[in-house]
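So this block is final.pdb, PDB, C-alpha atoms:
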ATOM      1  CA  MET U  11       0.000   0.000   0.000
ATOM      2  CA  LEU U  12       1.192   3.490  -0.839
ATOM      3  CA  THR U  13      -0.300   6.833   0.197
ATOM      4  CA  LEU U  14       0.005   9.314  -2.660
ATOM      5  CA  GLN U  15       1.296  12.670  -1.482
ATOM      6  CA  GLY U  16       2.398  15.776  -3.281
ATOM      7  CA  ALA U  17       0.894  17.691  -6.160
ATOM      8  CA  GLN U  18       2.891  15.900  -8.862
ATOM      9  CA  MET U  19       1.814  12.370  -7.906
ATOM     10  CA  LEU U  20      -1.825  13.360  -7.432
ATOM     11  CA  GLN U  21      -1.892  15.173 -10.765
ATOM     12  CA  MET U  22      -0.410  12.099 -12.445
ATOM     13  CA  LEU U  23      -3.169  10.017 -10.877
ATOM     14  CA  GLU U  24      -5.872  12.402 -12.088
ATOM     15  CA  THR U  25      -4.462  12.182 -15.610
ATOM     16  CA  SER U  26      -4.398   8.372 -15.468
ATOM     17  CA  LEU U  27      -7.965   8.180 -14.129
ATOM     18  CA  ARG U  28      -9.153  10.502 -16.871
ATOM     19  CA  LYS U  29      -8.061   7.896 -19.414
ATOM     20  CA  CYS U  30     -10.268   5.331 -17.645
ATOM     21  CA  LEU U  31     -13.497   7.351 -17.772
ATOM     22  CA  PRO U  32     -16.383   6.815 -17.339
ATOM     23  CA  GLU U  33     -15.708   3.765 -15.120
ATOM     24  CA  SER U  34     -13.327   5.775 -12.948
ATOM     25  CA  LEU U  35     -15.739   8.719 -12.625
ATOM     26  CA  LYS U  36     -16.415   8.636  -8.859
ATOM     27  CA  VAL U  37     -12.709   8.384  -8.028
ATOM     28  CA  PHE U  38     -11.676  10.808 -10.784
ATOM     29  CA  GLY U  39     -14.111  13.425  -9.451
ATOM     30  CA  THR U  40     -12.832  12.965  -5.902
ATOM     31  CA  VAL U  41      -9.173  13.224  -6.913
ATOM     32  CA  PHE U  42     -10.003  16.311  -8.994
ATOM     33  CA  HIS U  43     -11.265  18.067  -5.857
ATOM     34  CA  ILE U  44      -8.322  16.848  -3.805
ATOM     35  CA  ASN U  45      -6.136  18.573  -6.392
ATOM     36  CA  HIS U  46      -8.213  21.739  -5.967
ATOM     37  CA  GLY U  47      -7.761  22.239  -2.249
ATOM     38  CA  ASN U  48      -8.867  18.907  -0.748
ATOM     39  CA  PRO U  49     -11.775  20.522   1.139
ATOM     40  CA  PHE U  50     -12.879  17.225   2.779
ATOM     41  CA  ASN U  51      -9.325  16.372   3.944
ATOM     42  CA  LEU U  52      -9.193  13.046   2.074
ATOM     43  CA  LYS U  53      -6.236  10.808   1.300
ATOM     44  CA  VAL U  54      -5.453   8.543  -1.658
ATOM     45  CA  LEU U  55      -4.154   4.976  -1.431
ATOM     46  CA  VAL U  56      -2.896   2.812  -4.299
ATOM     47  CA  ASP U  57      -1.677  -0.775  -4.383
ATOM     48  CA  LYS U  58       1.439   0.216  -6.335
ATOM     49  CA  TRP U  59       2.824   3.181  -8.226
ATOM     50  CA  PRO U  60       2.842   4.381 -10.921
ATOM     51  CA  ASP U  61       1.283   1.302 -12.562
ATOM     52  CA  PHE U  62      -1.551   0.995 -10.050
ATOM     53  CA  ASN U  63      -4.371  -1.519 -10.260
ATOM     54  CA  THR U  64      -6.624  -0.190  -7.483
ATOM     55  CA  VAL U  65      -7.211   3.285  -6.036
ATOM     56  CA  VAL U  66      -9.016   3.958  -2.763
ATOM     57  CA  VAL U  67      -9.905   7.491  -1.662
ATOM     58  CA  ARG U  68     -10.895   7.766   1.991
ATOM     59  CA  PRO U  69     -10.951  10.228   4.911
ATOM     60  CA  GLN U  70      -8.003  10.655   7.222
ATOM     61  CA  GLU U  71      -8.225   8.348  10.236
ATOM     62  CA  GLN U  72      -8.611  11.251  12.673
ATOM     63  CA  ASN U  73     -11.845  12.227  10.931
ATOM     64  CA  MET U  74     -13.404   8.760  11.279
ATOM     65  CA  THR U  75     -14.054   8.789  15.028
ATOM     66  CA  ASP U  76     -17.733   7.765  14.917
ATOM     67  CA  ASP U  77     -17.940   4.040  14.177
ATOM     68  CA  LEU U  78     -21.621   4.368  13.222
ATOM     69  CA  ASP U  79     -21.254   7.288  10.785
ATOM     70  CA  HIS U  80     -21.156   5.785   7.304
ATOM     71  CA  TYR U  81     -21.660   9.253   5.773
ATOM     72  CA  THR U  82     -18.186  10.227   6.999
ATOM     73  CA  ASN U  83     -16.696   6.727   6.799
ATOM     74  CA  THR U  84     -16.932   6.686   3.006
ATOM     75  CA  TYR U  85     -14.534   5.045   0.549
ATOM     76  CA  HIS U  86     -14.408   5.619  -3.210
ATOM     77  CA  ILE U  87     -12.855   2.818  -5.225
ATOM     78  CA  TYR U  88     -11.663   2.242  -8.768
ATOM     79  CA  SER U  89      -9.905  -0.951  -9.821
ATOM     80  CA  ARG U  90      -8.423  -2.091 -13.112
ATOM     81  CA  ASP U  91      -8.044  -5.645 -11.813
ATOM     82  CA  PRO U  92     -10.833  -7.218  -9.709
ATOM     83  CA  ASN U  93      -8.606 -10.273  -9.144
ATOM     84  CA  THR U  94      -6.088  -8.278  -7.077
ATOM     85  CA  CYS U  95      -8.583  -5.735  -5.729
ATOM     86  CA  GLN U  96      -9.870  -7.910  -2.899
ATOM     87  CA  ALA U  97      -6.415  -8.545  -1.475
ATOM     88  CA  PHE U  98      -5.617  -4.830  -1.519
ATOM     89  CA  LEU U  99      -8.901  -3.861   0.176
ATOM     90  CA  ASP U 100      -8.095  -6.372   2.921
ATOM     91  CA  SER U 101      -4.635  -4.876   3.516
ATOM     92  CA  PRO U 102      -4.066  -3.173   6.903
ATOM     93  CA  GLY U 103      -4.848   0.540   6.852
ATOM     94  CA  VAL U 104      -6.938   0.530   3.678
ATOM     95  CA  ILE U 105     -10.499  -0.001   4.987
ATOM     96  CA  ASN U 106     -11.664  -0.184   8.598
ATOM     97  CA  TRP U 107     -14.102  -3.073   8.265
ATOM     98  CA  LYS U 108     -15.064  -2.809  11.951
ATOM     99  CA  GLN U 109     -16.949   0.452  11.358
ATOM    100  CA  HIS U 110     -20.261   1.168   9.685
ATOM    101  CA  LEU U 111     -19.025   2.374   6.323
ATOM    102  CA  GLN U 112     -20.013   3.257   2.796
ATOM    103  CA  ILE U 113     -18.316   2.393  -0.492
ATOM    104  CA  GLN U 114     -19.053   4.168  -3.763
ATOM    105  CA  SER U 115     -17.869   3.277  -7.243
ATOM    106  CA  SER U 116     -18.813   3.542 -10.906
ATOM    107  CA  GLN U 117     -17.980  -0.165 -11.334
ATOM    108  CA  ASN U 118     -20.751  -2.745 -10.893
ATOM    109  CA  HIS U 119     -18.326  -5.664 -10.856
ATOM    110  CA  LEU U 120     -16.978  -4.541  -7.479
ATOM    111  CA  ASN U 121     -20.200  -5.948  -6.052
ATOM    112  CA  ASP U 122     -18.720  -9.460  -6.136
ATOM    113  CA  VAL U 123     -15.639  -8.292  -4.234
ATOM    114  CA  ILE U 124     -17.645  -6.469  -1.574
ATOM    115  CA  GLN U 125     -20.152  -9.287  -1.187
ATOM    116  CA  ASN U 126     -17.230 -11.652  -0.540
ATOM    117  CA  PHE U 127     -16.138  -9.419   2.328
ATOM    118  CA  SER U 128     -19.619  -9.573   3.860
ATOM    119  CA  ALA U 129     -19.072 -13.268   4.576
ATOM    120  CA  ILE U 130     -15.447 -12.901   5.613
ATOM    121  CA  LYS U 131     -15.934  -9.851   7.870
ATOM    122  CA  SER U 132     -19.519 -10.587   9.017
ATOM    123  CA  PHE U 133     -21.461  -7.521   7.990
ATOM    124  CA  LYS U 134     -24.722  -6.751   6.242
ATOM    125  CA  ILE U 135     -24.753  -4.882   2.940
ATOM    126  CA  LYS U 136     -27.280  -2.544   1.383
ATOM    127  CA  HIS U 137     -26.362  -2.138  -2.297
ATOM    128  CA  SER U 138     -27.923   0.679  -4.332
ATOM    129  CA  GLU U 139     -27.546   1.169  -8.079
ATOM    130  CA  GLY U 140     -28.491   4.205 -10.111
ATOM    131  CA  PHE U 141     -28.162   5.692 -13.562
ATOM    132  CA  LEU U 142     -25.102   7.908 -13.940
ATOM    133  CA  TYR U 143     -25.311  11.141 -15.984
ATOM    134  CA  MET U 144     -22.776  13.714 -17.162
ATOM    135  CA  SER U 145     -23.369  17.260 -18.375
ATOM    136  CA  PRO U 146     -22.678  17.879 -22.088
ATOM    137  CA  LYS U 147     -19.865  20.370 -21.408
ATOM    138  CA  THR U 148     -18.118  17.930 -19.088
ATOM    139  CA  ALA U 149     -18.526  15.140 -21.634
ATOM    140  CA  GLU U 150     -17.161  17.381 -24.393
ATOM    141  CA  LYS U 151     -14.077  18.009 -22.269
ATOM    142  CA  LEU U 152     -13.525  14.535 -20.805
ATOM    143  CA  ILE U 153     -15.246  11.969 -23.061
ATOM    144  CA  PRO U 154     -16.084  13.676 -26.380
ATOM    145  CA  SER U 155     -16.911  10.352 -28.028
ATOM    146  CA  LEU U 156     -20.106  10.197 -25.946
ATOM    147  CA  LEU U 157     -21.328  13.441 -27.519
ATOM    148  CA  ASP U 158     -20.720  12.005 -30.962
ATOM    149  CA  VAL U 159     -22.861   8.977 -30.143
ATOM    150  CA  LYS U 160     -25.721  11.076 -28.771
ATOM    151  CA  ASN U 161     -25.392  13.754 -31.466
ATOM    152  CA  LEU U 162     -26.077  16.466 -28.878
ATOM    153  CA  PRO U 163     -24.670  20.011 -28.749
ATOM    154  CA  PRO U 164     -22.304  20.668 -25.826
ATOM    155  CA  THR U 165     -24.374  23.682 -24.723
ATOM    156  CA  GLY U 166     -27.002  21.517 -23.021
ATOM    157  CA  GLY U 167     -30.760  21.842 -22.793
ATOM    158  CA  LYS U 168     -32.830  24.443 -20.981
ATOM    159  CA  PRO U 169     -35.067  23.918 -17.953
ATOM    160  CA  LYS U 170     -38.834  24.276 -18.086
ATOM    161  CA  ALA U 171     -40.065  27.888 -17.900
ATOM    162  CA  ILE U 172     -41.179  29.066 -14.451
ATOM    163  CA  ASN U 173     -42.554  32.285 -12.967
ATOM    164  CA  HIS U 174     -39.437  34.156 -11.864
ATOM    165  CA  GLU U 175     -41.541  36.627  -9.911
ATOM    166  CA  LYS U 176     -42.679  33.790  -7.630
ATOM    167  CA  PHE U 177     -39.476  31.725  -7.517
ATOM    168  CA  LYS U 178     -36.054  33.259  -6.888
ATOM    169  CA  LEU U 179     -32.693  31.541  -7.297
ATOM    170  CA  THR U 180     -30.555  31.403  -4.170
ATOM    171  CA  SER U 181     -27.727  29.501  -2.549
ATOM    172  CA  LEU U 182     -28.205  27.434   0.596
ATOM    173  CA  ASP U 183     -26.985  28.104   4.099
ATOM    174  CA  VAL U 184     -26.600  25.716   7.003
ATOM    175  CA  ALA U 185     -30.052  26.649   8.316
ATOM    176  CA  HIS U 186     -31.527  24.814   5.295
ATOM    177  CA  ALA U 187     -29.828  21.517   6.192
ATOM    178  CA  SER U 188     -32.678  20.140   8.316
ATOM    179  CA  LEU U 189     -35.179  20.641   5.478
ATOM    180  CA  VAL U 190     -32.869  19.012   2.920
ATOM    181  CA  ASN U 191     -32.162  16.151   5.323
ATOM    182  CA  LYS U 192     -35.872  15.533   5.875
ATOM    183  CA  PHE U 193     -36.445  14.765   2.190
ATOM    184  CA  TRP U 194     -33.144  13.032   1.333
ATOM    185  CA  TYR U 195     -33.768   9.377   0.538
ATOM    186  CA  TYR U 196     -30.495   8.346   2.224
ATOM    187  CA  GLY U 197     -30.863  10.798   5.111
ATOM    188  CA  GLY U 198     -33.337  11.687   7.814
ATOM    189  CA  ASN U 199     -31.003  11.310  10.807
ATOM    190  CA  GLU U 200     -28.490  13.357  12.799
ATOM    191  CA  ARG U 201     -25.430  11.967  11.037
ATOM    192  CA  SER U 202     -26.842  12.637   7.572
ATOM    193  CA  GLN U 203     -27.686  16.187   8.640
ATOM    194  CA  ARG U 204     -24.094  16.773   9.740
ATOM    195  CA  PHE U 205     -22.938  15.525   6.338
ATOM    196  CA  ILE U 206     -25.365  17.865   4.543
ATOM    197  CA  GLU U 207     -24.217  20.787   6.692
ATOM    198  CA  ARG U 208     -20.617  20.048   5.759
ATOM    199  CA  CYS U 209     -21.474  19.924   2.049
ATOM    200  CA  ILE U 210     -23.327  23.247   2.289
ATOM    201  CA  ARG U 211     -20.405  24.898   4.072
ATOM    202  CA  THR U 212     -17.820  23.510   1.657
ATOM    203  CA  PHE U 213     -19.243  23.446  -1.874
ATOM    204  CA  PRO U 214     -21.464  25.483  -4.229
ATOM    205  CA  THR U 215     -25.208  24.987  -3.761
ATOM    206  CA  SER U 216     -28.337  26.105  -5.598
ATOM    207  CA  GLY U 217     -31.944  26.530  -4.568
ATOM    208  CA  LEU U 218     -35.217  28.273  -5.266
ATOM    209  CA  LEU U 219     -37.153  30.386  -2.798
ATOM    210  CA  GLY U 220     -40.943  30.220  -3.041
ATOM    211  CA  PRO U 221     -43.502  33.036  -2.858
ATOM    212  CA  ASP U 222     -43.150  33.316   0.931
ATOM    213  CA  GLY U 223     -39.340  33.445   0.762
ATOM    214  CA  THR U 224     -38.695  29.925   2.066
ATOM    215  CA  LEU U 225     -36.683  27.223   0.307
ATOM    216  CA  VAL U 226     -38.792  25.020  -1.981
ATOM    217  CA  SER U 227     -36.169  23.325  -4.206
ATOM    218  CA  TRP U 228     -32.450  22.588  -3.789
ATOM    219  CA  ASP U 229     -29.333  20.907  -5.177
ATOM    220  CA  LEU U 230     -25.985  20.205  -3.490
ATOM    221  CA  MET U 231     -22.651  18.645  -4.314
ATOM    222  CA  ASP U 232     -20.591  16.117  -2.349
ATOM    223  CA  GLN U 233     -16.872  15.452  -1.848
ATOM    224  CA  THR U 234     -16.635  13.530  -5.132
ATOM    225  CA  GLY U 235     -17.913  16.530  -7.079
ATOM    226  CA  GLU U 236     -21.209  14.795  -7.794
ATOM    227  CA  THR U 237     -24.316  16.978  -7.827
ATOM    228  CA  ARG U 238     -26.787  15.193  -5.590
ATOM    229  CA  ILE U 239     -29.357  15.437  -2.791
ATOM    230  CA  ALA U 240     -31.609  17.429  -5.125
ATOM    231  CA  GLY U 241     -35.230  17.785  -4.119
ATOM    232  CA  THR U 242     -38.424  19.837  -4.106
ATOM    233  CA  LEU U 243     -41.110  20.224  -1.461
ATOM    234  CA  PRO U 244     -44.040  17.884  -2.278
ATOM    235  CA  GLU U 245     -46.523  20.724  -2.758
ATOM    236  CA  TYR U 246     -44.289  22.298  -5.443
ATOM    237  CA  ARG U 247     -43.469  19.189  -7.453
ATOM    238  CA  GLY U 248     -44.502  18.886 -11.087
ATOM    239  CA  LEU U 249     -43.666  22.537 -11.849
ATOM    240  CA  GLY U 250     -40.174  21.923 -13.210
ATOM    241  CA  LEU U 251     -38.490  23.668 -10.272
ATOM    242  CA  VAL U 252     -35.809  21.060  -9.694
ATOM    243  CA  SER U 253     -34.643  21.422 -13.298
ATOM    244  CA  HIS U 254     -33.920  25.082 -12.534
ATOM    245  CA  THR U 255     -31.974  24.346  -9.366
ATOM    246  CA  VAL U 256     -29.984  21.608 -11.101
ATOM    247  CA  HIS U 257     -29.345  23.814 -14.135
ATOM    248  CA  ALA U 258     -28.171  26.676 -11.895
ATOM    249  CA  GLN U 259     -25.873  24.282 -10.049
ATOM    250  CA  VAL U 260     -24.446  22.960 -13.314
ATOM    251  CA  VAL U 261     -23.761  26.480 -14.602
ATOM    252  CA  ALA U 262     -22.048  27.477 -11.345
ATOM    253  CA  MET U 263     -19.858  24.366 -11.293
ATOM    254  CA  GLU U 264     -18.905  24.692 -14.949
ATOM    255  CA  LYS U 265     -17.814  28.306 -14.364
ATOM    256  CA  LEU U 266     -15.449  26.945 -11.711
ATOM    257  CA  GLY U 267     -14.131  24.342 -14.154
ATOM    258  CA  PHE U 268     -15.531  21.421 -12.131
ATOM    259  CA  PRO U 269     -16.613  18.184 -13.820
ATOM    260  CA  VAL U 270     -20.399  17.882 -13.579
ATOM    261  CA  TYR U 271     -22.148  14.564 -13.092
ATOM    262  CA  SER U 272     -25.003  13.089 -11.070
ATOM    263  CA  HIS U 273     -27.014   9.938 -10.504
ATOM    264  CA  THR U 274     -30.661   9.033 -10.164
ATOM    265  CA  ASP U 275     -32.519   5.989  -8.955
ATOM    266  CA  LYS U 276     -33.521   3.624 -11.733
ATOM    267  CA  ASP U 277     -37.179   3.972 -10.694
ATOM    268  CA  ASN U 278     -37.147   7.782 -10.595
ATOM    269  CA  ILE U 279     -38.666   8.499 -13.994
ATOM    270  CA  ALA U 280     -39.239  12.203 -13.259
ATOM    271  CA  ILE U 281     -35.543  12.912 -12.643
ATOM    272  CA  GLN U 282     -34.570  10.810 -15.646
ATOM    273  CA  ARG U 283     -36.836  12.992 -17.783
ATOM    274  CA  MET U 284     -35.273  16.094 -16.254
ATOM    275  CA  ASN U 285     -31.813  14.849 -17.242
ATOM    276  CA  ASP U 286     -33.086  14.263 -20.772
ATOM    277  CA  THR U 287     -34.488  17.807 -20.861
ATOM    278  CA  LEU U 288     -31.125  19.228 -19.821
ATOM    279  CA  HIS U 289     -29.379  16.965 -22.397
ATOM    280  CA  HIS U 290     -27.376  15.244 -19.687
ATOM    281  CA  ILE U 291     -25.742  12.137 -21.077
ATOM    282  CA  LEU U 292     -26.440   8.680 -19.688
ATOM    283  CA  MET U 293     -23.176   6.907 -18.907
ATOM    284  CA  PRO U 294     -22.555   3.298 -20.005
ATOM    285  CA  CYS U 295     -21.718   2.431 -16.375
ATOM    286  CA  ASP U 296     -23.807   2.764 -13.213
ATOM    287  CA  TRP U 297     -23.576   4.606  -9.896
ATOM    288  CA  ASN U 298     -23.062   2.146  -7.041
ATOM    289  CA  GLN U 299     -23.231   2.501  -3.291
ATOM    290  CA  TRP U 300     -22.684  -0.183  -0.667
ATOM    291  CA  ILE U 301     -23.586   0.567   2.954
ATOM    292  CA  CYS U 302     -21.788  -1.982   5.121
ATOM    293  CA  MET U 303     -22.924  -2.630   8.694
ATOM    294  CA  PRO U 304     -21.030  -5.019  11.022
ATOM    295  CA  VAL U 305     -23.191  -7.613  12.784
TER     296      VAL U 305
END
The structure in this file should be written as structure tokens.
Amino acid sequence: MLTLQGAQMLQMLETSLRKCLPESLKVFGTVFHINHGNPFNLKVLVDKWPDFNTVVVRPQEQNMTDDLDHYTNTYHIYSRDPNTCQAFLDSPGVINWKQHLQIQSSQNHLNDVIQNFSAIKSFKIKHSEGFLYMSPKTAEKLIPSLLDVKNLPPTGGKPKAINHEKFKLTSLDVAHASLVNKFWYYGGNERSQRFIERCIRTFPTSGLLGPDGTLVSWDLMDQTGETRIAGTLPEYRGLGLVSHTVHAQVVAMEKLGFPVYSHTDKDNIAIQRMNDTLHHILMPCDWNQWICMPV
């Protein structure tokens, strides 16, 4: 195991991961933000260097003090070789299998590796899969061949028209975290709220204020650079509001030069249609999350 340190090594890794897109997307996005200030204080492990097979991005040990907090205890993994991946993930200091933890990857085949650990380490797994999307401008920059296949312009689509007198664009503050947490599918608890608060403090956010000046729609970004946790209050759904918050978030991130991508549940037809409206490009690989809970 080797911990990558220094701007030169991390930039080399980012360049190598870029060549492996879209399968490396979750790790590429995380390493990109490490190279732009490392706001979540993450570290990067590889099995060997420079010809690595597996990359693991994880928090520093001193930040993983709550054994039950899988929102903080999150690992992002990319592997070129599933046959050697399992041995590396079982190496001392790579993953703390005694904690409640979360693994994310753009590689479905890692499911076999992680399921093997569930028997070896005695933990339960909740595996979620979703469709993975990328904005046209990001695809044009990183994977232009995908634009050629879709025959879409890199400018992207436009959100549904709304009444801008009633709904005003805004950014979020920490006071909005409890509302966002209430409606987040993976949230609804104190630990998820702390994670949302950290994302709001650290990264760009977008939202819409309703007629009474309260937040009615929102979109955030996490430590991997993924735009996620988007939502709209139930009484305002069906008006196209979330497409405006997502579009505003995309524009803000693209101005900063950030790669823009997101995921949606495979049953969430409304958000899939929104991505189609905005000309976001469906990736040939999926978004994967494994929540691992020791028993």
Q: Decode the PyMOL selection byres ((chain U and resi 14-24) around 7) for the given file into explicit residues and return them as a PyMOL selection string.
A: chain U and resi 12-13+25-28+38+41-42+45+54-55
Produce a file of the selected residues containing C-alpha atoms, as a tab-separated table (two decimals), in the frame of the given file.
chain	number	residue	atom	x	y	z
U	12	LEU	CA	1.19	3.49	-0.84
U	13	THR	CA	-0.30	6.83	0.20
U	25	THR	CA	-4.46	12.18	-15.61
U	26	SER	CA	-4.40	8.37	-15.47
U	27	LEU	CA	-7.96	8.18	-14.13
U	28	ARG	CA	-9.15	10.50	-16.87
U	38	PHE	CA	-11.68	10.81	-10.78
U	41	VAL	CA	-9.17	13.22	-6.91
U	42	PHE	CA	-10.00	16.31	-8.99
U	45	ASN	CA	-6.14	18.57	-6.39
U	54	VAL	CA	-5.45	8.54	-1.66
U	55	LEU	CA	-4.15	4.98	-1.43
Q | Result set, the PyMOL selection byres ((chain U and resi 204-206) around 12) on current file, as an NGL selection string | A | :U and (50 or 79-84 or 182-194 or 196-203 or 207-213 or 215 or 228-233 or 238-240)
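Of the residues listed (U:Met11, U:Ile124, U:Ile301, U:Met144), U:Ile301 shows the shortest atom-to-atom separation from Leu111 of chain U; distances use all atoms listed in the file.
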Q: Show which residues sit within 9 Å of segment 93-100 of chain U, as an MDAnalysis selection string. Count all atoms listed in the file, and ignore same-chain residues fewer than 4 positions away.
A: chainID U and resid 11 56:57 63:64 66 89 104:105 107 120 123:124 126:127
Just write the chosen residues, C-alpha atoms, as an mmCIF file, in the coordinates of the input.
data_model
loop_
_atom_site.group_PDB
_atom_site.id
_atom_site.type_symbol
_atom_site.label_atom_id
_atom_site.label_comp_id
_atom_site.auth_asym_id
_atom_site.auth_seq_id
_atom_site.Cartn_x
_atom_site.Cartn_y
_atom_site.Cartn_z
ATOM 1 C CA MET U 11 0.000 0.000 0.000
ATOM 2 C CA VAL U 56 -2.896 2.812 -4.299
ATOM 3 C CA ASP U 57 -1.677 -0.775 -4.383
ATOM 4 C CA ASN U 63 -4.371 -1.519 -10.260
ATOM 5 C CA THR U 64 -6.624 -0.190 -7.483
ATOM 6 C CA VAL U 66 -9.016 3.958 -2.763
ATOM 7 C CA SER U 89 -9.905 -0.951 -9.821
ATOM 8 C CA VAL U 104 -6.938 0.530 3.678
ATOM 9 C CA ILE U 105 -10.499 -0.001 4.987
ATOM 10 C CA TRP U 107 -14.102 -3.073 8.265
ATOM 11 C CA LEU U 120 -16.978 -4.541 -7.479
ATOM 12 C CA VAL U 123 -15.639 -8.292 -4.234
ATOM 13 C CA ILE U 124 -17.645 -6.469 -1.574
ATOM 14 C CA ASN U 126 -17.230 -11.652 -0.540
ATOM 15 C CA PHE U 127 -16.138 -9.419 2.328
#
Q | Result set, the PyMOL selection byres ((chain U and resi 281) around 12) on current file, as a ChimeraX atom specification | A | /U:140-143,238-242,247-248,250-253,256,272-280,282-288,290
Just C-alpha atoms for this one: save the residues we selected as a PDB file, in the coordinates of the input.
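Below is the file that was written, result06.pdb:
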ATOM      1  CA  GLY U 140     -28.491   4.205 -10.111  1.00  0.00           C
ATOM      2  CA  PHE U 141     -28.162   5.692 -13.562  1.00  0.00           C
ATOM      3  CA  LEU U 142     -25.102   7.908 -13.940  1.00  0.00           C
ATOM      4  CA  TYR U 143     -25.311  11.141 -15.984  1.00  0.00           C
ATOM      5  CA  ARG U 238     -26.787  15.193  -5.590  1.00  0.00           C
ATOM      6  CA  ILE U 239     -29.357  15.437  -2.791  1.00  0.00           C
ATOM      7  CA  ALA U 240     -31.609  17.429  -5.125  1.00  0.00           C
ATOM      8  CA  GLY U 241     -35.230  17.785  -4.119  1.00  0.00           C
ATOM      9  CA  THR U 242     -38.424  19.837  -4.106  1.00  0.00           C
ATOM     10  CA  ARG U 247     -43.469  19.189  -7.453  1.00  0.00           C
ATOM     11  CA  GLY U 248     -44.502  18.886 -11.087  1.00  0.00           C
ATOM     12  CA  GLY U 250     -40.174  21.923 -13.210  1.00  0.00           C
ATOM     13  CA  LEU U 251     -38.490  23.668 -10.272  1.00  0.00           C
ATOM     14  CA  VAL U 252     -35.809  21.060  -9.694  1.00  0.00           C
ATOM     15  CA  SER U 253     -34.643  21.422 -13.298  1.00  0.00           C
ATOM     16  CA  VAL U 256     -29.984  21.608 -11.101  1.00  0.00           C
ATOM     17  CA  SER U 272     -25.003  13.089 -11.070  1.00  0.00           C
ATOM     18  CA  HIS U 273     -27.014   9.938 -10.504  1.00  0.00           C
ATOM     19  CA  THR U 274     -30.661   9.033 -10.164  1.00  0.00           C
ATOM     20  CA  ASP U 275     -32.519   5.989  -8.955  1.00  0.00           C
ATOM     21  CA  LYS U 276     -33.521   3.624 -11.733  1.00  0.00           C
ATOM     22  CA  ASP U 277     -37.179   3.972 -10.694  1.00  0.00           C
ATOM     23  CA  ASN U 278     -37.147   7.782 -10.595  1.00  0.00           C
ATOM     24  CA  ILE U 279     -38.666   8.499 -13.994  1.00  0.00           C
ATOM     25  CA  ALA U 280     -39.239  12.203 -13.259  1.00  0.00           C
ATOM     26  CA  GLN U 282     -34.570  10.810 -15.646  1.00  0.00           C
ATOM     27  CA  ARG U 283     -36.836  12.992 -17.783  1.00  0.00           C
ATOM     28  CA  MET U 284     -35.273  16.094 -16.254  1.00  0.00           C
ATOM     29  CA  ASN U 285     -31.813  14.849 -17.242  1.00  0.00           C
ATOM     30  CA  ASP U 286     -33.086  14.263 -20.772  1.00  0.00           C
ATOM     31  CA  THR U 287     -34.488  17.807 -20.861  1.00  0.00           C
ATOM     32  CA  LEU U 288     -31.125  19.228 -19.821  1.00  0.00           C
ATOM     33  CA  HIS U 290     -27.376  15.244 -19.687  1.00  0.00           C
TER      34      HIS U 290
END
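Interatomic distance, atom CA of Tyr85 of chain U to atom CA of Pro69 of chain U: 7.7 Å.
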Excluding Asn121 of chain U and residues on its chain fewer than 4 positions from it, collect all residues at most 12 Å away from it, counting only C-alpha atoms, and give them as an mmCIF file with C-alpha atoms, in the coordinates of the input.
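Heads up, here's the output in around-v4.cif:
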data_model
loop_
_atom_site.group_PDB
_atom_site.id
_atom_site.type_symbol
_atom_site.label_atom_id
_atom_site.label_comp_id
_atom_site.auth_asym_id
_atom_site.auth_seq_id
_atom_site.Cartn_x
_atom_site.Cartn_y
_atom_site.Cartn_z
ATOM 1 C CA ILE U 87 -12.855 2.818 -5.225
ATOM 2 C CA PRO U 92 -10.833 -7.218 -9.709
ATOM 3 C CA CYS U 95 -8.583 -5.735 -5.729
ATOM 4 C CA GLN U 96 -9.870 -7.910 -2.899
ATOM 5 C CA ILE U 113 -18.316 2.393 -0.492
ATOM 6 C CA GLN U 114 -19.053 4.168 -3.763
ATOM 7 C CA SER U 115 -17.869 3.277 -7.243
ATOM 8 C CA SER U 116 -18.813 3.542 -10.906
ATOM 9 C CA GLN U 117 -17.980 -0.165 -11.334
ATOM 10 C CA GLN U 125 -20.152 -9.287 -1.187
ATOM 11 C CA ASN U 126 -17.230 -11.652 -0.540
ATOM 12 C CA PHE U 127 -16.138 -9.419 2.328
ATOM 13 C CA SER U 128 -19.619 -9.573 3.860
ATOM 14 C CA ILE U 135 -24.753 -4.882 2.940
ATOM 15 C CA LYS U 136 -27.280 -2.544 1.383
ATOM 16 C CA HIS U 137 -26.362 -2.138 -2.297
ATOM 17 C CA SER U 138 -27.923 0.679 -4.332
ATOM 18 C CA GLU U 139 -27.546 1.169 -8.079
ATOM 19 C CA ASP U 296 -23.807 2.764 -13.213
ATOM 20 C CA TRP U 297 -23.576 4.606 -9.896
ATOM 21 C CA ASN U 298 -23.062 2.146 -7.041
ATOM 22 C CA GLN U 299 -23.231 2.501 -3.291
ATOM 23 C CA TRP U 300 -22.684 -0.183 -0.667
ATOM 24 C CA ILE U 301 -23.586 0.567 2.954
ATOM 25 C CA CYS U 302 -21.788 -1.982 5.121
#
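Proximity ranking of U:His289, U:Lys147, U:His86, U:Lys168 relative to Lys265 of chain U places U:Lys147 first, based on only C-alpha atoms.
Coordinates place atom CA of Phe268 of chain U at a distance of 24.2 Å from atom CA of Lys170 of chain U.
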Q) Could you name the residues that touch Ile153 of chain U at 10 Å or less, counting all atoms listed in the file, but leaving out those on the same chain fewer than 5 positions away, as a list in words? A) Arg28, Lys29, Cys30, Leu31, Pro32, Met144, Pro146, Lys147, Thr148 and Asp158 of chain U
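Every residue within 12 Å of the file position (-37.9, 33.7, 1.5), judged by only C-alpha atoms, is given as Lys176, Phe177, Lys178, Leu179, Thr180, Ser181, Leu182, His186, Gly217, Leu218, Leu219, Gly220, Pro221, Asp222, Gly223, Thr224, Leu225, Val226 and Ser227 of chain U.
Once Leu266 of chain U and its same-chain neighbours fewer than 2 positions away are set aside, His43, His46, Thr148, Phe213, Pro214, Gly235, Gln259, Val260, Val261, Ala262, Met263, Glu264, Phe268, Pro269 and Val270 of chain U remain within 12 Å of it when counting all atoms listed in the file.
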